[in-house]
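Note: the block below is entry_14.cif and it holds mmCIF, C-alpha atoms.
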```
data_final
loop_
_atom_site.label_atom_id
_atom_site.label_comp_id
_atom_site.auth_asym_id
_atom_site.auth_seq_id
_atom_site.Cartn_x
_atom_site.Cartn_y
_atom_site.Cartn_z
CA MET N 11 97.96 128.03 72.73
CA ALA N 12 98.91 130.21 69.78
CA PHE N 13 100.82 128.63 66.91
CA LYS N 14 102.83 130.21 64.14
CA VAL N 15 102.12 128.22 61.00
CA VAL N 16 104.68 128.71 58.22
CA VAL N 17 103.15 127.82 54.85
CA SER N 18 105.59 127.21 51.98
CA ASP N 19 104.13 127.45 48.49
CA LYS N 20 106.88 126.67 45.97
CA ASP N 21 109.46 129.45 46.52
CA VAL N 22 107.38 131.77 48.77
CA SER N 23 106.68 131.31 52.50
CA TYR N 24 103.90 132.89 54.55
CA GLN N 25 103.63 133.06 58.33
CA ILE N 26 100.16 132.82 59.85
CA GLU N 27 99.32 133.20 63.56
CA VAL N 28 96.64 130.77 64.77
CA ASP N 29 95.13 131.58 68.17
CA ASP N 30 93.08 128.40 68.65
CA GLY N 31 95.17 125.47 67.46
CA LYS N 32 93.33 122.73 69.36
CA GLN N 33 92.43 121.05 66.05
CA LEU N 34 96.15 120.70 65.24
CA ASN N 35 97.02 118.95 68.52
CA GLY N 36 97.73 115.27 67.97
CA LEU N 37 98.72 115.59 64.31
CA LYS N 38 102.11 114.16 63.32
CA ILE N 39 104.80 115.12 60.83
CA GLY N 40 103.76 113.91 57.37
CA GLU N 41 100.00 114.17 57.99
CA GLU N 42 97.79 116.47 55.95
CA PHE N 43 95.07 118.77 57.28
CA ASP N 44 92.48 121.17 55.90
CA GLY N 45 93.80 124.70 55.44
CA GLN N 46 90.53 126.15 56.71
CA ILE N 47 91.88 125.62 60.25
CA VAL N 48 94.49 128.33 59.60
CA GLY N 49 92.26 130.49 57.40
CA LEU N 50 93.21 129.13 53.94
CA ASP N 51 89.92 127.90 52.47
CA GLY N 52 90.31 125.25 49.78
CA TYR N 53 93.93 124.46 50.64
CA THR N 54 95.35 121.19 51.95
CA LEU N 55 98.57 121.49 53.97
CA LYS N 56 101.14 118.83 54.91
CA ILE N 57 103.16 119.11 58.14
CA THR N 58 106.92 118.98 57.53
CA GLY N 59 108.27 119.94 60.96
CA GLY N 60 108.28 122.55 63.67
CA SER N 61 109.86 123.65 66.91
CA ASP N 62 108.85 123.93 70.55
CA LYS N 63 108.82 126.87 72.96
CA ASN N 64 112.51 126.34 73.81
CA GLY N 65 113.63 126.13 70.16
CA PHE N 66 114.11 122.37 69.91
CA THR N 67 113.22 120.99 66.48
CA MET N 68 110.68 118.27 65.81
CA LYS N 69 112.14 115.03 64.46
CA LYS N 70 110.05 112.59 62.43
CA ASP N 71 111.50 109.37 63.87
CA VAL N 72 110.87 110.27 67.54
CA ASP N 73 107.35 109.16 68.49
CA GLY N 74 105.01 111.24 70.62
CA PRO N 75 105.19 114.82 71.91
CA ARG N 76 108.14 114.09 74.24
CA ARG N 77 111.55 115.72 74.30
CA ILE N 78 114.61 113.42 74.31
CA LYS N 79 118.38 113.61 74.10
CA SER N 80 119.45 111.59 71.06
CA LEU N 81 122.86 110.74 69.60
CA LEU N 82 122.85 112.39 66.15
CA SER N 83 125.33 112.07 63.31
CA GLY N 84 123.57 114.58 61.05
CA GLY N 85 120.18 115.52 59.70
CA ILE N 86 117.52 117.55 61.45
CA GLY N 87 118.76 119.05 64.70
CA TYR N 88 122.52 118.71 64.08
CA LYS N 89 124.91 119.61 61.24
CA PRO N 90 128.37 118.10 61.90
CA LYS N 91 131.44 120.08 60.85
CA ALA N 92 133.43 116.96 59.92
CA LYS N 93 132.52 113.50 58.60
CA GLY N 94 131.79 110.89 61.27
CA VAL N 95 131.24 113.32 64.14
CA LYS N 96 128.34 112.46 66.46
CA ARG N 97 126.80 114.55 69.20
CA ARG N 98 124.03 114.17 71.76
CA LYS N 99 121.36 116.79 71.07
CA THR N 100 117.87 117.42 72.42
CA VAL N 101 115.02 117.01 69.91
CA ARG N 102 111.22 117.07 70.14
CA GLY N 103 108.92 114.22 69.05
CA ASN N 104 106.85 114.15 65.87
CA THR N 105 103.45 114.92 67.45
CA ILE N 106 102.05 118.44 67.84
CA SER N 107 101.20 119.37 71.44
CA ASP N 108 100.71 122.55 73.48
CA ASP N 109 104.51 122.95 73.77
CA ILE N 110 104.92 123.48 70.02
CA VAL N 111 105.00 127.14 68.90
CA GLN N 112 105.93 126.87 65.21
CA ILE N 113 104.61 124.42 62.63
CA ASN N 114 106.18 124.18 59.17
CA THR N 115 103.88 123.12 56.33
CA ILE N 116 103.83 122.84 52.54
CA VAL N 117 100.89 123.20 50.18
CA THR N 118 99.77 119.88 48.70
CA LYS N 119 96.51 121.10 47.14
CA ALA N 120 95.93 124.73 46.23
CA GLY N 121 92.63 126.56 46.48
CA SER N 122 90.94 128.88 43.97
CA LYS N 123 92.60 132.05 45.33
CA THR N 124 96.31 132.55 45.94
CA ILE N 125 97.56 132.70 49.52
CA SER N 126 98.57 136.36 49.19
CA GLU N 127 95.03 137.24 48.05
CA ILE N 128 93.55 135.49 51.09
CA LEU N 129 95.98 137.00 53.63
CA ASN N 130 96.14 140.55 52.22
CA PRO N 131 92.83 141.40 50.51
CA GLU N 132 93.33 145.17 50.88
CA GLU N 133 96.59 145.14 48.87
CA GLU N 134 94.86 143.45 45.93
CA ALA N 135 92.03 146.02 46.03
CA GLU N 136 94.45 148.96 45.76
CA GLU N 137 96.13 147.67 42.58
#
```
Would you encode the structure as structure tokens?
Amino acid sequence: MAFKVVVSDKDVSYQIEVDDGKQLNGLKIGEEFDGQIVGLDGYTLKITGGSDKNGFTMKKDVDGPRRIKSLLSGGIGYKPKAKGVKRRKTVRGNTISDDIVQINTIVTKAGSKTISEILNPEEEAEE
């Protein structure tokens, strides 16, 4: 299953396509993994969220890879228009499975090269 991994480094975000994401299956929101899995040698990335193939967001307090309908009063998955409004919305669990298509991450430990140098080496050579 191909994943889109969005890597946020301070104020810049990069999107990386990962064809073989079997090493990411089973990881949960809040866990860290080696950036070499997605092609960023020397980096450590922390999972902050994601979404599944139908667009439902991952929620940290729902265990497992399951999809549930939860009563939400705000936060991830629902933004109420007025104070005190609740709504039943579908959300995905906090574990990465084959149904997940996008994984959001942040950089916790940077490598020796910048991410733009790793992803676009030909642009750096032209300058």
Q: Have a look at N:Val117, N:Ile39, N:Ile125, N:Pro90 and name the one nearest to Gly60 in chain N; count all atoms listed in the file.
A: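 Once distances to Gly60 in chain N are computed over all atoms listed in the file, the minimum belongs to N:Ile39.
Here CA of Asn35 in chain N and CA of Thr105 in chain N stand 7.7 Å from one another.
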Output check: residues returned by the PyMOL selection byres ((chain N and resi 103) around 9), as a PDB file with C-alpha atoms, in the coordinates of the input:
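Output saved as expr-v2.pdb:
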```pdb
ATOM      1  CA  LYS N  38     102.110 114.160  63.320  1.00  0.00           C
ATOM      2  CA  THR N  67     113.220 120.990  66.480  1.00  0.00           C
ATOM      3  CA  MET N  68     110.680 118.270  65.810  1.00  0.00           C
ATOM      4  CA  LYS N  69     112.140 115.030  64.460  1.00  0.00           C
ATOM      5  CA  LYS N  70     110.050 112.590  62.430  1.00  0.00           C
ATOM      6  CA  ASP N  71     111.500 109.370  63.870  1.00  0.00           C
ATOM      7  CA  VAL N  72     110.870 110.270  67.540  1.00  0.00           C
ATOM      8  CA  ASP N  73     107.350 109.160  68.490  1.00  0.00           C
ATOM      9  CA  GLY N  74     105.010 111.240  70.620  1.00  0.00           C
ATOM     10  CA  PRO N  75     105.190 114.820  71.910  1.00  0.00           C
ATOM     11  CA  ARG N  76     108.140 114.090  74.240  1.00  0.00           C
ATOM     12  CA  ARG N  77     111.550 115.720  74.300  1.00  0.00           C
ATOM     13  CA  ILE N  78     114.610 113.420  74.310  1.00  0.00           C
ATOM     14  CA  VAL N 101     115.020 117.010  69.910  1.00  0.00           C
ATOM     15  CA  ARG N 102     111.220 117.070  70.140  1.00  0.00           C
ATOM     16  CA  ASN N 104     106.850 114.150  65.870  1.00  0.00           C
ATOM     17  CA  THR N 105     103.450 114.920  67.450  1.00  0.00           C
ATOM     18  CA  ILE N 106     102.050 118.440  67.840  1.00  0.00           C
TER      19      ILE N 106
END
```
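Between CA of Gln33 in chain N and CA of Val16 in chain N lies a distance of 16.4 Å.
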Can you build me a table of range 70-129 of chain N residues sitting at most 12 Å from range 24-29 of chain N, with the closest atom pair per residue and its distance in Å to one decimal, using all atoms listed in the file, sorted by chain and residue number, as CSV?
```
residue,atom,partner,partner_atom,distance
N:Asp108,CA,N:Asp29,CA,11.9
N:Val111,CA,N:Glu27,CA,9.9
N:Gln112,CA,N:Glu27,CA,9.3
N:Ile113,CA,N:Gln25,CA,9.7
N:Asn114,CA,N:Gln25,CA,9.3
N:Thr115,CA,N:Tyr24,CA,9.9
N:Ile116,CA,N:Tyr24,CA,10.2
N:Val117,CA,N:Tyr24,CA,11.0
N:Thr124,CA,N:Tyr24,CA,11.5
N:Ile125,CA,N:Tyr24,CA,8.1
N:Ser126,CA,N:Tyr24,CA,8.3
N:Glu127,CA,N:Tyr24,CA,11.8
N:Ile128,CA,N:Tyr24,CA,11.2
N:Leu129,CA,N:Ile26,CA,8.6
```
Just want the 8 Å neighbourhood of Ser83 in chain N, counted on all atoms listed in the file, with same-chain residues fewer than 2 positions away dropped. Output as a PDB file with C-alpha atoms, keeping the file's coordinate frame.
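Result written to selection26.pdb:
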```pdb
ATOM      1  CA  LEU N  81     122.860 110.740  69.600  1.00  0.00           C
ATOM      2  CA  GLY N  85     120.180 115.520  59.700  1.00  0.00           C
ATOM      3  CA  TYR N  88     122.520 118.710  64.080  1.00  0.00           C
ATOM      4  CA  LYS N  89     124.910 119.610  61.240  1.00  0.00           C
ATOM      5  CA  PRO N  90     128.370 118.100  61.900  1.00  0.00           C
ATOM      6  CA  GLY N  94     131.790 110.890  61.270  1.00  0.00           C
ATOM      7  CA  VAL N  95     131.240 113.320  64.140  1.00  0.00           C
ATOM      8  CA  LYS N  96     128.340 112.460  66.460  1.00  0.00           C
ATOM      9  CA  ARG N  97     126.800 114.550  69.200  1.00  0.00           C
TER      10      ARG N  97
END
```
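CA of Ile110 in chain N is found 9.2 Å from CA of Lys14 in chain N.
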(Q) Give me the residues near Thr54 in chain N as a list in words, where near means some atom within 12 Å (using only C-alpha atoms) and where sequence neighbours in that chain fewer than 4 positions away do not count. (A)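 Contacts, with the query itself left out: Val17, Ser18, Asp19, Glu41, Glu42, Phe43, Asp44, Gly45, Gln46, Ile47, Val48, Gly49, Leu50, Thr115, Ile116, Val117, Thr118, Lys119, Ala120, Gly121, Ser122 and Ile125 of chain N.
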